[in-house]
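*Asks:* To be precise about what I am sending: the file is called entry-v5.txt and holds compact mmCIF, C-alpha atoms.
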```txt
# COMPACT_ATOMS: atom_id res chain seq x y z
CA MET C 1 0.58 8.46 -7.70
CA LYS C 2 4.21 7.59 -7.01
CA ARG C 3 5.69 10.49 -9.02
CA ASP C 4 3.14 12.97 -7.67
CA THR C 5 3.85 11.88 -4.12
CA ALA C 6 7.57 12.16 -4.63
CA ARG C 7 7.17 15.68 -6.05
CA ARG C 8 5.13 16.71 -3.00
CA TRP C 9 7.75 15.39 -0.62
CA ALA C 10 10.86 16.62 -2.39
CA PRO C 11 10.55 20.40 -1.71
CA ALA C 12 9.98 19.80 1.98
CA LEU C 13 12.95 17.48 2.23
CA GLY C 14 15.32 19.87 0.50
CA VAL C 15 18.93 19.95 1.50
CA ALA C 16 18.34 17.70 4.53
CA THR C 17 17.45 14.80 2.27
CA ALA C 18 20.55 15.26 0.16
CA VAL C 19 22.80 15.42 3.21
CA LEU C 20 21.23 12.34 4.78
CA ALA C 21 21.30 10.40 1.54
CA GLY C 22 24.93 11.31 0.90
CA ALA C 23 25.98 10.28 4.40
CA ALA C 24 23.93 7.10 4.36
CA LEU C 25 25.50 5.93 1.10
CA LEU C 26 28.76 5.41 2.94
CA ALA C 27 29.29 1.85 4.09
CA PRO C 28 30.06 1.34 7.79
CA THR C 29 33.64 2.37 8.53
CA ALA C 30 36.33 0.18 10.05
CA ALA C 31 35.91 2.16 13.27
CA GLU C 32 32.16 1.47 13.33
CA ARG C 33 32.78 -2.23 12.80
CA LEU C 34 35.36 -2.23 15.60
CA PHE C 35 32.98 -0.46 17.99
CA ALA C 36 30.28 -3.01 17.16
CA ARG C 37 32.65 -5.87 18.03
CA LEU C 38 33.70 -4.23 21.28
CA ALA C 39 30.09 -3.46 22.22
CA THR C 40 29.15 -7.07 21.51
CA ASP C 41 31.98 -8.35 23.71
CA ARG C 42 30.88 -6.04 26.51
CA ALA C 43 27.20 -7.02 26.23
CA LEU C 44 27.97 -10.75 26.18
CA ARG C 45 30.11 -10.46 29.31
CA ALA C 46 27.48 -8.50 31.24
CA PRO C 47 24.83 -10.36 33.26
CA ARG C 48 21.18 -9.85 32.37
CA ASP C 49 19.73 -6.94 34.30
CA ARG C 50 16.24 -6.63 35.75
CA TRP C 51 14.92 -5.08 32.54
CA GLY C 52 16.13 -7.89 30.27
CA GLY C 53 19.22 -6.09 28.95
CA PRO C 54 21.84 -5.47 27.95
CA LEU C 55 20.97 -5.77 24.29
CA VAL C 56 23.54 -7.23 21.91
CA PRO C 57 24.39 -5.19 18.77
CA ALA C 58 22.95 -6.23 15.41
CA PRO C 59 25.21 -4.23 13.06
CA ASP C 60 24.17 -3.29 9.55
CA VAL C 61 26.15 -5.26 6.93
CA ALA C 62 24.32 -4.17 3.75
CA ARG C 63 24.51 -0.38 3.68
CA GLY C 64 26.54 0.75 0.70
CA LYS C 65 27.24 -2.81 -0.46
CA ARG C 66 27.12 -4.02 -4.07
CA ILE C 67 23.54 -4.66 -5.18
CA ALA C 68 22.02 -6.16 -8.34
CA ALA C 69 18.34 -6.29 -9.23
CA SER C 70 15.73 -7.15 -11.83
CA ALA C 71 14.98 -3.44 -12.35
CA PRO C 72 17.18 -0.33 -12.24
CA GLY C 73 17.56 1.99 -9.27
CA ALA C 74 18.20 -0.70 -6.65
CA ASP C 75 21.01 1.28 -5.03
CA ALA C 76 18.19 3.18 -3.28
CA LEU C 77 17.56 0.02 -1.25
CA VAL C 78 20.90 0.23 0.58
CA ASP C 79 21.36 3.99 0.95
CA GLY C 80 19.94 4.23 4.49
CA VAL C 81 17.14 6.62 3.44
CA PHE C 82 13.54 5.67 4.22
CA ARG C 83 10.38 7.33 2.89
CA GLY C 84 12.34 9.65 0.64
CA PRO C 85 11.85 10.50 -3.03
CA ARG C 86 14.06 7.60 -4.22
CA THR C 87 12.24 4.25 -4.23
CA TRP C 88 12.93 1.00 -6.03
CA ALA C 89 10.13 0.13 -8.44
CA GLY C 90 9.96 -3.61 -9.08
CA GLY C 91 6.95 -3.66 -11.40
CA HIS C 92 4.42 -6.51 -11.34
CA PRO C 93 6.23 -9.72 -10.40
CA THR C 94 4.93 -13.24 -10.98
CA PRO C 95 6.17 -16.66 -9.79
CA GLY C 96 7.70 -17.15 -13.23
CA LYS C 97 9.26 -13.68 -13.35
CA PRO C 98 10.05 -12.45 -9.82
CA ALA C 99 11.16 -8.96 -8.95
CA TRP C 100 14.43 -9.40 -7.09
CA ALA C 101 17.24 -7.51 -5.44
CA ALA C 102 20.49 -9.24 -4.43
CA ILE C 103 23.12 -7.85 -2.05
CA ARG C 104 26.71 -9.08 -1.87
CA VAL C 105 27.03 -9.11 1.91
CA GLY C 106 30.27 -11.07 1.91
CA SER C 107 31.47 -14.04 3.91
CA GLY C 108 32.05 -14.63 7.60
CA TYR C 109 28.48 -14.28 8.88
CA ARG C 110 26.63 -17.21 10.45
CA ARG C 111 23.19 -15.66 10.92
CA LEU C 112 21.54 -12.57 9.43
CA LEU C 113 18.33 -10.57 9.76
CA LEU C 114 16.87 -9.08 6.57
CA SER C 115 14.19 -6.39 6.80
CA TRP C 116 12.38 -4.70 3.94
CA THR C 117 10.18 -1.61 4.00
CA SER C 118 7.52 -0.25 1.67
CA SER C 119 7.12 3.25 3.07
CA PHE C 120 4.58 4.61 0.61
CA ASN C 121 2.18 2.66 2.81
CA HIS C 122 1.63 4.65 6.00
CA CYS C 123 -0.06 2.22 8.40
CA TYR C 124 1.31 -1.20 9.26
CA PHE C 125 -1.44 -3.23 7.58
CA ASP C 126 -1.49 -1.08 4.42
CA GLN C 127 -0.12 -2.69 1.24
CA PHE C 128 -1.74 -0.85 -1.65
CA TYR C 129 1.31 1.32 -2.40
CA GLY C 130 3.76 -1.41 -3.26
CA ALA C 131 4.18 -3.98 -0.47
CA PRO C 132 4.68 -7.62 -1.51
CA ALA C 133 2.32 -10.49 -0.71
CA ASP C 134 4.52 -13.51 -1.55
CA TYR C 135 8.30 -13.51 -1.49
CA ARG C 136 11.45 -15.50 -0.72
CA ILE C 137 14.77 -14.71 0.90
CA GLU C 138 17.50 -16.66 -0.87
CA THR C 139 21.24 -17.05 -0.25
CA SER C 140 24.14 -18.05 -2.47
CA ALA C 141 27.74 -19.03 -1.84
CA ASP C 142 28.90 -18.96 -5.45
CA SER C 143 27.00 -16.24 -7.32
CA THR C 144 29.22 -13.70 -9.06
CA ASP C 145 26.62 -11.07 -9.96
CA GLY C 146 23.39 -11.76 -8.05
CA ARG C 147 21.87 -13.58 -11.03
CA ASP C 148 24.00 -16.65 -11.62
CA GLY C 149 25.09 -19.37 -9.23
CA THR C 150 23.25 -21.72 -6.92
CA TRP C 151 20.59 -20.26 -4.65
CA ARG C 152 18.85 -21.80 -1.68
CA THR C 153 15.63 -20.59 -0.06
CA ALA C 154 16.19 -19.43 3.51
CA VAL C 155 12.72 -17.90 4.12
CA ALA C 156 9.46 -18.30 2.17
CA VAL C 157 6.45 -16.06 2.88
CA THR C 158 2.95 -16.29 1.41
CA GLY C 159 0.07 -13.94 2.14
CA ASN C 160 2.11 -11.23 3.82
CA PRO C 161 -0.35 -8.63 5.24
CA VAL C 162 1.92 -5.70 6.19
CA ARG C 163 4.18 -2.92 4.89
CA SER C 164 7.41 -4.04 6.56
CA ARG C 165 8.88 -7.34 7.80
CA ALA C 166 12.11 -8.72 9.21
CA HIS C 167 13.33 -12.32 9.02
CA ALA C 168 16.31 -14.09 10.60
CA PHE C 169 18.03 -16.96 8.78
CA ASP C 170 21.25 -18.98 8.71
CA PHE C 171 24.03 -17.68 6.45
CA GLU C 172 26.97 -19.97 7.21
CA GLY C 173 29.27 -20.22 4.19
CA GLN C 174 27.17 -17.86 2.03
CA ARG C 175 28.05 -14.53 0.34
CA TRP C 176 24.91 -13.16 -1.34
CA VAL C 177 21.39 -12.61 -0.02
CA ARG C 178 18.46 -11.99 -2.36
CA LEU C 179 14.87 -10.84 -1.83
CA ALA C 180 12.65 -12.27 -4.59
CA VAL C 181 9.03 -11.06 -4.76
CA THR C 182 6.66 -13.35 -6.65
CA ARG C 183 3.21 -11.85 -6.03
CA LEU C 184 1.57 -8.57 -5.02
CA PRO C 185 -1.73 -8.19 -3.17
CA GLU C 186 -4.90 -8.33 -5.27
CA ARG C 187 -5.57 -4.68 -4.57
CA VAL C 188 -2.46 -2.74 -5.56
CA ASN C 189 -1.51 0.52 -7.25
CA GLU C 190 -1.06 0.47 -11.02
CA TRP C 191 2.75 0.74 -10.88
CA GLY C 192 3.24 -2.34 -8.70
CA LEU C 193 6.04 -3.06 -6.23
CA PHE C 194 7.74 -0.20 -4.35
CA LEU C 195 10.44 -0.80 -1.74
CA ASP C 196 12.52 1.98 -0.26
CA GLU C 197 15.02 0.09 1.91
CA ILE C 198 16.46 -3.34 2.62
CA GLU C 199 18.56 -3.70 5.75
CA VAL C 200 20.66 -6.75 6.59
CA ARG C 201 21.86 -7.16 10.19
CA ASP C 202 24.48 -9.50 11.61
CA LEU C 203 23.08 -11.75 14.34
CA SER C 204 26.02 -14.18 14.31
CA ARG C 205 27.04 -13.46 17.90
CA GLY C 206 23.55 -13.31 19.35
CA GLY C 207 22.58 -9.83 18.17
CA ASP C 208 19.11 -8.90 19.42
CA ASP C 209 18.99 -5.08 19.18
CA VAL C 210 15.74 -5.28 17.21
CA TRP C 211 12.72 -3.11 18.09
CA ALA C 212 9.06 -3.13 17.06
CA PHE C 213 7.32 0.18 17.80
CA VAL C 214 3.62 -0.56 18.31
CA GLY C 215 1.38 2.49 18.32
CA ASP C 216 -1.34 4.52 16.68
CA SER C 217 -1.03 7.18 13.97
CA ILE C 218 1.31 9.22 16.19
CA GLY C 219 3.79 6.38 16.34
CA ALA C 220 3.31 5.56 12.66
CA GLU C 221 4.58 9.05 11.84
CA VAL C 222 7.34 9.31 14.42
CA PHE C 223 8.99 5.97 13.58
CA ASP C 224 8.68 6.01 9.77
CA GLN C 225 12.34 7.17 9.53
CA ALA C 226 11.44 9.81 6.93
CA PRO C 227 14.26 12.33 6.37
CA ALA C 228 12.15 15.03 8.03
CA HIS C 229 12.01 12.81 11.15
CA ARG C 230 15.77 12.24 11.35
CA PRO C 231 17.70 11.95 13.52
CA GLY C 232 15.42 9.15 14.64
CA PHE C 233 15.49 6.59 17.41
CA ALA C 234 18.26 4.47 15.87
CA ASP C 235 20.36 7.59 15.19
CA PHE C 236 20.10 8.73 18.80
CA ILE C 237 21.00 5.29 20.12
CA ALA C 238 24.02 5.20 17.78
CA ARG C 239 25.14 8.60 19.08
CA GLY C 240 24.83 7.62 22.72
CA HIS C 241 26.04 4.00 22.57
CA ARG C 242 29.02 3.29 20.31
CA GLY C 243 28.70 0.10 18.35
CA TYR C 244 24.89 0.10 18.35
CA ARG C 245 22.33 1.04 15.72
CA PRO C 246 19.01 -0.73 16.38
CA ALA C 247 16.94 -2.38 13.69
CA THR C 248 13.44 -0.89 13.98
CA ILE C 249 10.04 -1.92 12.63
CA ASP C 250 7.24 0.66 12.55
CA VAL C 251 4.07 -1.11 13.70
CA GLY C 252 1.85 1.98 13.60
CA LEU C 253 -1.88 1.44 13.10
CA CYS C 254 -3.97 4.54 12.50
CA ARG C 255 -6.77 5.23 15.03
CA LEU C 256 -5.63 2.26 17.13
CA ARG C 257 -7.05 1.95 20.64
CA THR C 258 -5.34 -0.06 23.34
CA PHE C 259 -7.99 -2.80 23.52
CA GLU C 260 -7.67 -3.20 19.74
CA ALA C 261 -3.91 -3.51 20.13
CA LEU C 262 -4.54 -6.27 22.67
CA GLU C 263 -6.81 -8.06 20.20
CA ARG C 264 -4.09 -7.93 17.54
CA MET C 265 -1.07 -8.51 19.77
CA ASP C 266 -0.78 -12.23 19.04
CA GLU C 267 -0.71 -11.43 15.31
CA ILE C 268 1.80 -8.59 15.78
CA LEU C 269 4.10 -10.82 17.82
CA ALA C 270 3.84 -13.61 15.25
CA LEU C 271 4.76 -11.18 12.46
CA ASN C 272 7.78 -9.90 14.43
CA PRO C 273 9.36 -12.98 16.04
CA ASP C 274 12.87 -11.50 16.00
CA ALA C 275 11.99 -8.22 17.74
CA ARG C 276 13.54 -8.31 21.21
CA VAL C 277 11.87 -5.11 22.44
CA ILE C 278 8.21 -4.20 21.95
CA ALA C 279 7.96 -0.44 22.41
CA LEU C 280 4.39 0.61 23.15
CA GLN C 281 3.09 4.10 22.42
CA LEU C 282 -0.66 3.72 22.94
CA GLY C 283 -3.60 5.39 24.65
CA ALA C 284 -4.17 8.61 22.71
CA ASN C 285 -7.37 7.20 21.19
CA ASP C 286 -8.69 5.57 24.37
CA GLY C 287 -11.70 7.22 25.94
CA THR C 288 -11.09 6.59 29.63
CA PRO C 289 -8.48 5.19 32.03
CA GLU C 290 -10.86 2.30 32.64
CA MET C 291 -10.53 1.36 28.96
CA LEU C 292 -6.78 1.71 28.98
CA ARG C 293 -5.57 -0.12 32.06
CA PRO C 294 -6.85 -3.70 31.60
CA ALA C 295 -5.94 -3.71 27.91
CA LEU C 296 -2.41 -2.48 28.63
CA GLU C 297 -2.00 -5.10 31.36
CA GLY C 298 -3.02 -7.77 28.85
CA ILE C 299 -0.55 -6.49 26.25
CA VAL C 300 2.32 -6.46 28.73
CA ALA C 301 1.49 -10.02 29.78
CA LYS C 302 1.47 -11.23 26.15
CA VAL C 303 4.76 -9.50 25.35
CA ARG C 304 6.46 -11.02 28.38
CA ALA C 305 5.02 -14.46 27.67
CA ALA C 306 6.64 -14.23 24.23
CA GLY C 307 10.02 -13.66 25.91
CA LYS C 308 10.28 -10.03 24.86
CA ILE C 309 10.88 -6.75 26.69
CA PRO C 310 7.88 -4.38 26.90
CA VAL C 311 8.52 -0.64 27.28
CA VAL C 312 5.57 1.75 27.62
CA ALA C 313 5.65 5.49 26.83
CA ARG C 314 3.50 7.98 28.69
CA ILE C 315 0.75 9.36 26.44
CA SER C 316 1.57 12.68 24.83
CA TYR C 317 -0.13 15.83 26.06
CA GLN C 318 -2.74 17.15 23.61
CA THR C 319 -4.55 20.42 22.97
CA LYS C 320 -6.95 19.23 20.28
CA TYR C 321 -9.88 18.33 22.52
CA GLY C 322 -9.81 21.15 25.05
CA PRO C 323 -9.88 19.47 28.48
CA ASP C 324 -6.86 17.45 29.55
CA TYR C 325 -8.11 13.91 29.05
CA VAL C 326 -4.58 12.55 28.99
CA ALA C 327 -3.43 13.08 32.59
CA PRO C 328 -5.82 10.52 34.18
CA LYS C 329 -4.98 7.99 31.47
CA ASP C 330 -1.29 8.48 32.14
CA ALA C 331 -1.92 7.92 35.85
CA ALA C 332 -3.47 4.55 35.00
CA LEU C 333 -0.58 3.77 32.63
CA ASP C 334 1.94 4.62 35.36
CA GLU C 335 0.22 2.15 37.69
CA VAL C 336 0.58 -0.63 35.12
CA VAL C 337 4.28 0.16 34.62
CA ARG C 338 4.96 0.19 38.37
CA ALA C 339 2.96 -2.95 39.12
CA ALA C 340 4.67 -4.89 36.32
CA GLY C 341 8.14 -3.59 37.22
CA LEU C 342 8.77 -2.28 33.70
CA LEU C 343 11.53 0.02 32.55
CA PRO C 344 9.60 3.32 32.26
CA GLY C 345 9.35 4.68 28.75
CA PRO C 346 9.63 8.35 27.78
CA ASP C 347 7.47 11.01 29.42
CA LEU C 348 5.85 12.42 26.28
CA TYR C 349 3.17 14.13 28.35
CA ALA C 350 5.65 16.39 30.13
CA TRP C 351 7.63 17.31 27.02
CA PHE C 352 4.64 18.21 24.85
CA ARG C 353 2.94 20.05 27.69
CA ALA C 354 6.06 22.21 27.89
CA ASN C 355 6.22 22.47 24.07
CA PRO C 356 2.62 22.51 22.78
CA GLN C 357 3.74 24.43 19.68
CA GLU C 358 5.23 21.15 18.48
CA LEU C 359 1.76 19.62 18.09
CA ARG C 360 0.85 20.45 14.49
CA ASP C 361 -2.88 19.74 14.96
CA GLY C 362 -3.08 19.61 18.73
CA LEU C 363 -2.43 15.86 18.69
CA HIS C 364 0.20 14.75 16.16
CA PRO C 365 3.77 16.05 16.50
CA THR C 366 5.46 18.40 14.08
CA ASP C 367 8.62 17.21 12.39
CA ARG C 368 10.63 18.61 15.28
CA GLY C 369 8.21 16.99 17.70
CA ALA C 370 8.80 13.63 16.01
CA VAL C 371 12.57 14.02 16.35
CA GLU C 372 12.20 14.97 20.02
CA THR C 373 9.93 11.97 20.62
CA ALA C 374 12.63 9.70 19.20
CA ARG C 375 15.25 11.39 21.38
CA LEU C 376 13.12 10.94 24.50
CA TRP C 377 12.67 7.27 23.68
CA ALA C 378 16.43 6.80 23.24
CA GLU C 379 17.15 8.49 26.57
CA ALA C 380 14.50 6.49 28.42
CA VAL C 381 15.76 3.10 27.23
CA ALA C 382 19.47 3.80 27.79
CA PRO C 383 19.54 1.22 30.65
CA LEU C 384 19.06 -1.52 28.03
CA TYR C 385 22.50 -0.66 26.60
CA PRO C 386 25.78 -1.34 28.42
```
Represent the structure contained in this file as structure tokens.
*Replies:*
Amino acid sequence: MKRDTARRWAPALGVATAVLAGAALLAPTAAERLFARLATDRALRAPRDRWGGPLVPAPDVARGKRIAASAPGADALVDGVFRGPRTWAGGHPTPGKPAWAAIRVGSGYRRLLLSWTSSFNHCYFDQFYGAPADYRIETSADSTDGRDGTWRTAVAVTGNPVRSRAHAFDFEGQRWVRLAVTRLPERVNEWGLFLDEIEVRDLSRGGDDVWAFVGDSIGAEVFDQAPAHRPGFADFIARGHRGYRPATIDVGLCRLRTFEALERMDEILALNPDARVIALQLGANDGTPEMLRPALEGIVAKVRAAGKIPVVARISYQTKYGPDYVAPKDAALDEVVRAAGLLPGPDLYAWFRANPQELRDGLHPTDRGAVETARLWAEAVAPLYP
């Protein structure tokens, strides 16, 4: 399954994949690190605005760094490429013989955020194609190669139910961070563990530029960070706001309706405690405005009660079902946004109505449509950045 899938993707990715992979292999430059420091200084000096910003940068400190692992090919985990043909295969780990990958982050960081992604799984609660069930995040101050030395457990997870997670932990005095997987779900593909990226972000100075994109199958596609969907949201933010590159978690659930999102919101929030912004792209599967409005109000209330920033996108225009069922739902959505005083999200309805050719099946965006959706999101949330 893995090799066949990779072969199907590779021709479509073509030169774009190679260019992205080559660029992503470069570690952050001195200029990028300087911009991140300056942006952090600026954000920390600024007062909180009415939206809950400005956000504080959470710079990437793992990309291109030295990595060691229990199986070959682990350099794919820090190349900045998601959902591409290169994936780290960790086999079938056990508590006695974990599958592990260790990154020499270096010293000087007090608090970090590690995120891992298993992108062969499409929807958030899918795990069959290589997501771990039990794992630890460990740190070491004295390891020389990722294997030796003294290691302490910073995070321990059992019964993980999703394809991607992020965890914050203390890192004072440490140099290495290691993800050690000890168990896979009972129902798993025959090849075992597949991870395509590990990101490590510096939160030492209060970094909180961490986003969870909660949506249906449209969002699951747009925010998967596949090479065909790049530049993505984080890329556009980085272009428009020097020193920033958000950490993003794709919480896309296929066929999700807004009332179902409300039912699962407590679980989603519990799984993503370090996400500062909950970006909501919902409503395409809802039947009527009357279904949408109370559920969306409930979601916004839960997100705010958790101390997070909710941002709601207007539902994308569609041509699949003939009549325009979206416009009245967007009117109800707009009322929720106004009444709650939210920062308005992107107007996906207007853009796709003007560009219906970018709906590949009348509902889901083409690759270009996915890139434009990410761009519209980045433009809409610019007020959260100083």
*Asks:* Out of C:Leu282, C:Gly108, C:Phe82, C:Leu184, which residue has the shortest atom-to-atom distance to Phe128 in chain C when counting only C-alpha atoms?
*Replies:* C:Leu184
*Asks:* Hey, can you check how far CA of Ile198 in chain C sits from CA of Leu77 in chain C?
*Replies:*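 CA of Leu77 in chain C lies at a distance of 5.2 Å from CA of Ile198 in chain C.
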*Asks:* Could you check which of C:Ile299, C:Ile268, C:Ile218, C:Leu179 is closest to Ala69 in chain C, using only C-alpha atoms?
*Replies:*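 Closest to Ala69 in chain C, using only C-alpha atoms: C:Leu179.
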*Asks:* Can you pull out every residue within 6 Å of range 160-175 of chain C, counting all atoms listed in the file, but drop anything in the same chain fewer than 3 positions away, and send it as a PyMOL selection string?
*Replies:* chain C and resi 105-107+110-118+124-127+131+133+140-141
*Asks:* Give one line per residue of range 206-313 of chain C that approaches range 366-386 of chain C to at most 9 Å, naming the two atoms of the closest pair and their distance in Å to one decimal, counting all atoms listed in the file; sort by chain then ascending residue number and deliver it as JSON lines.
*Replies:*
```
{"residue": "C:Ile218", "atom": "CA", "partner": "C:Ala370", "partner_atom": "CA", "distance": 8.7}
{"residue": "C:Gly219", "atom": "CA", "partner": "C:Ala370", "partner_atom": "CA", "distance": 8.8}
{"residue": "C:Glu221", "atom": "CA", "partner": "C:Ala370", "partner_atom": "CA", "distance": 7.5}
{"residue": "C:Val222", "atom": "CA", "partner": "C:Ala370", "partner_atom": "CA", "distance": 4.8}
{"residue": "C:Phe223", "atom": "CA", "partner": "C:Ala374", "partner_atom": "CA", "distance": 7.7}
{"residue": "C:Ala228", "atom": "CA", "partner": "C:Asp367", "partner_atom": "CA", "distance": 6.0}
{"residue": "C:His229", "atom": "CA", "partner": "C:Val371", "partner_atom": "CA", "distance": 5.4}
{"residue": "C:Arg230", "atom": "CA", "partner": "C:Val371", "partner_atom": "CA", "distance": 6.2}
{"residue": "C:Pro231", "atom": "CA", "partner": "C:Val371", "partner_atom": "CA", "distance": 6.2}
{"residue": "C:Gly232", "atom": "CA", "partner": "C:Ala374", "partner_atom": "CA", "distance": 5.4}
{"residue": "C:Phe233", "atom": "CA", "partner": "C:Ala374", "partner_atom": "CA", "distance": 4.6}
{"residue": "C:Ala234", "atom": "CA", "partner": "C:Ala378", "partner_atom": "CA", "distance": 7.9}
{"residue": "C:Asp235", "atom": "CA", "partner": "C:Arg375", "partner_atom": "CA", "distance": 8.9}
{"residue": "C:Phe236", "atom": "CA", "partner": "C:Ala378", "partner_atom": "CA", "distance": 6.1}
{"residue": "C:Ile237", "atom": "CA", "partner": "C:Ala378", "partner_atom": "CA", "distance": 5.7}
{"residue": "C:Gly240", "atom": "CA", "partner": "C:Ala382", "partner_atom": "CA", "distance": 8.3}
{"residue": "C:His241", "atom": "CA", "partner": "C:Tyr385", "partner_atom": "CA", "distance": 7.1}
{"residue": "C:Tyr244", "atom": "CA", "partner": "C:Tyr385", "partner_atom": "CA", "distance": 8.6}
{"residue": "C:Val311", "atom": "CA", "partner": "C:Val381", "partner_atom": "CA", "distance": 8.1}
{"residue": "C:Ala313", "atom": "CA", "partner": "C:Trp377", "partner_atom": "CA", "distance": 7.9}
```
*Asks:* Quick one: distance from CA of Arg83 in chain C to CA of Asn121 in chain C in Å, one decimal?
*Replies:* 9.4 Å
*Asks:* Just checking: using all atoms listed in the file, which residue out of C:Pro72, C:Pro246, C:Pro365, C:Pro328 ends up closest to Glu199 in chain C?
*Replies:* C:Pro246
*Asks:* Env of Arg183 in chain C: 8 Å cut, atoms = all atoms listed in the file, seq-sep filter 3 positions within chain, self excluded. Answer as a compact mmCIF listing (two decimals) with C-alpha atoms, in the coordinates of the input.
*Replies:*
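As a result, out_37.txt now contains:
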```txt
# COMPACT_ATOMS: atom_id res chain seq x y z
CA HIS C 92 4.42 -6.51 -11.34
CA PRO C 93 6.23 -9.72 -10.40
CA THR C 94 4.93 -13.24 -10.98
CA PRO C 95 6.17 -16.66 -9.79
CA PRO C 98 10.05 -12.45 -9.82
CA PRO C 132 4.68 -7.62 -1.51
CA ALA C 133 2.32 -10.49 -0.71
CA ASP C 134 4.52 -13.51 -1.55
CA TYR C 135 8.30 -13.51 -1.49
```
*Asks:* Which residue gives the smallest distance to Ile278 in chain C among C:Met291, C:Ala43, C:Ala327, C:Leu342, with all atoms listed in the file counted?
*Replies:*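 Looking at the shortest contact to Ile278 in chain C, the residue is C:Leu342.
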*Asks:* Would you kindly return, as JSON, numbers by chain, each protein, DNA or RNA residue with an atom no farther than 8 Å from any atom of Ala220 in chain C, considering only C-alpha atoms and excluding same-chain residues fewer than 2 positions away?
*Replies:* {"C": [122, 123, 124, 215, 216, 217, 218, 222, 223, 224, 250, 251, 252, 253, 254]}
*Asks:* Do you have the CA of Gly322 in chain C-CA of Ala354 in chain C distance handy?
*Replies:* 16.2 Å
*Asks:* Tell me which of C:Gly345, C:Gly283, C:Pro273, C:Gly130 sits closest to Phe259 in chain C, counting all atoms listed in the file.
*Replies:*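 Answer, going by the shortest atom-to-atom distance: C:Gly283.
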*Asks:* Counting only C-alpha atoms, figure out which residue out of C:Ile103, C:Val336, C:Val177, C:Ala39 gets nearest to Pro54 in chain C.
*Replies:*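 For Pro54 in chain C, the nearest of the given residues is C:Ala39.
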*Asks:* Assuming 3 Å of padding per side, give the centre and edge lengths of the axis-aligned box around every listed atom of range 128-131 of chain C, in Å to one decimal and as lines of an AutoDock Vina configuration file.
*Replies:*
```
center_x = 1.2
center_y = -1.3
center_z = -1.9
size_x = 11.9
size_y = 11.3
size_z = 8.8
```
*Asks:* Fix up range 349-360 of chain C with N, CA and C atoms, then write it as a PDB file, in the frame of the given file.
*Replies:*
```pdb
ATOM      1  N   TYR C 349       4.135  13.153  27.812  1.00  0.00           N
ATOM      2  CA  TYR C 349       3.170  14.130  28.350  1.00  0.00           C
ATOM      3  C   TYR C 349       3.904  15.388  28.785  1.00  0.00           C
ATOM      4  N   ALA C 350       4.952  15.232  29.587  1.00  0.00           N
ATOM      5  CA  ALA C 350       5.650  16.390  30.130  1.00  0.00           C
ATOM      6  C   ALA C 350       6.285  17.224  29.025  1.00  0.00           C
ATOM      7  N   TRP C 351       6.920  16.537  28.042  1.00  0.00           N
ATOM      8  CA  TRP C 351       7.630  17.310  27.020  1.00  0.00           C
ATOM      9  C   TRP C 351       6.655  18.107  26.159  1.00  0.00           C
ATOM     10  N   PHE C 352       5.564  17.484  25.722  1.00  0.00           N
ATOM     11  CA  PHE C 352       4.640  18.210  24.850  1.00  0.00           C
ATOM     12  C   PHE C 352       3.794  19.217  25.623  1.00  0.00           C
ATOM     13  N   ARG C 353       3.617  19.006  26.914  1.00  0.00           N
ATOM     14  CA  ARG C 353       2.940  20.050  27.690  1.00  0.00           C
ATOM     15  C   ARG C 353       3.824  21.292  27.776  1.00  0.00           C
ATOM     16  N   ALA C 354       5.126  21.084  27.868  1.00  0.00           N
ATOM     17  CA  ALA C 354       6.060  22.210  27.890  1.00  0.00           C
ATOM     18  C   ALA C 354       6.300  22.789  26.504  1.00  0.00           C
ATOM     19  N   ASN C 355       5.969  22.026  25.450  1.00  0.00           N
ATOM     20  CA  ASN C 355       6.220  22.470  24.070  1.00  0.00           C
ATOM     21  C   ASN C 355       4.996  22.219  23.192  1.00  0.00           C
ATOM     22  N   PRO C 356       3.837  22.791  23.544  1.00  0.00           N
ATOM     23  CA  PRO C 356       2.620  22.510  22.780  1.00  0.00           C
ATOM     24  C   PRO C 356       2.679  23.016  21.345  1.00  0.00           C
ATOM     25  N   GLN C 357       3.590  23.935  21.056  1.00  0.00           N
ATOM     26  CA  GLN C 357       3.740  24.430  19.680  1.00  0.00           C
ATOM     27  C   GLN C 357       4.233  23.344  18.744  1.00  0.00           C
ATOM     28  N   GLU C 358       4.742  22.246  19.305  1.00  0.00           N
ATOM     29  CA  GLU C 358       5.230  21.150  18.480  1.00  0.00           C
ATOM     30  C   GLU C 358       4.158  20.092  18.221  1.00  0.00           C
ATOM     31  N   LEU C 359       2.896  20.441  18.483  1.00  0.00           N
ATOM     32  CA  LEU C 359       1.760  19.620  18.090  1.00  0.00           C
ATOM     33  C   LEU C 359       1.113  20.311  16.891  1.00  0.00           C
ATOM     34  N   ARG C 360       1.264  19.741  15.701  1.00  0.00           N
ATOM     35  CA  ARG C 360       0.850  20.450  14.490  1.00  0.00           C
ATOM     36  C   ARG C 360      -0.659  20.597  14.381  1.00  0.00           C
TER      37      ARG C 360
END
```
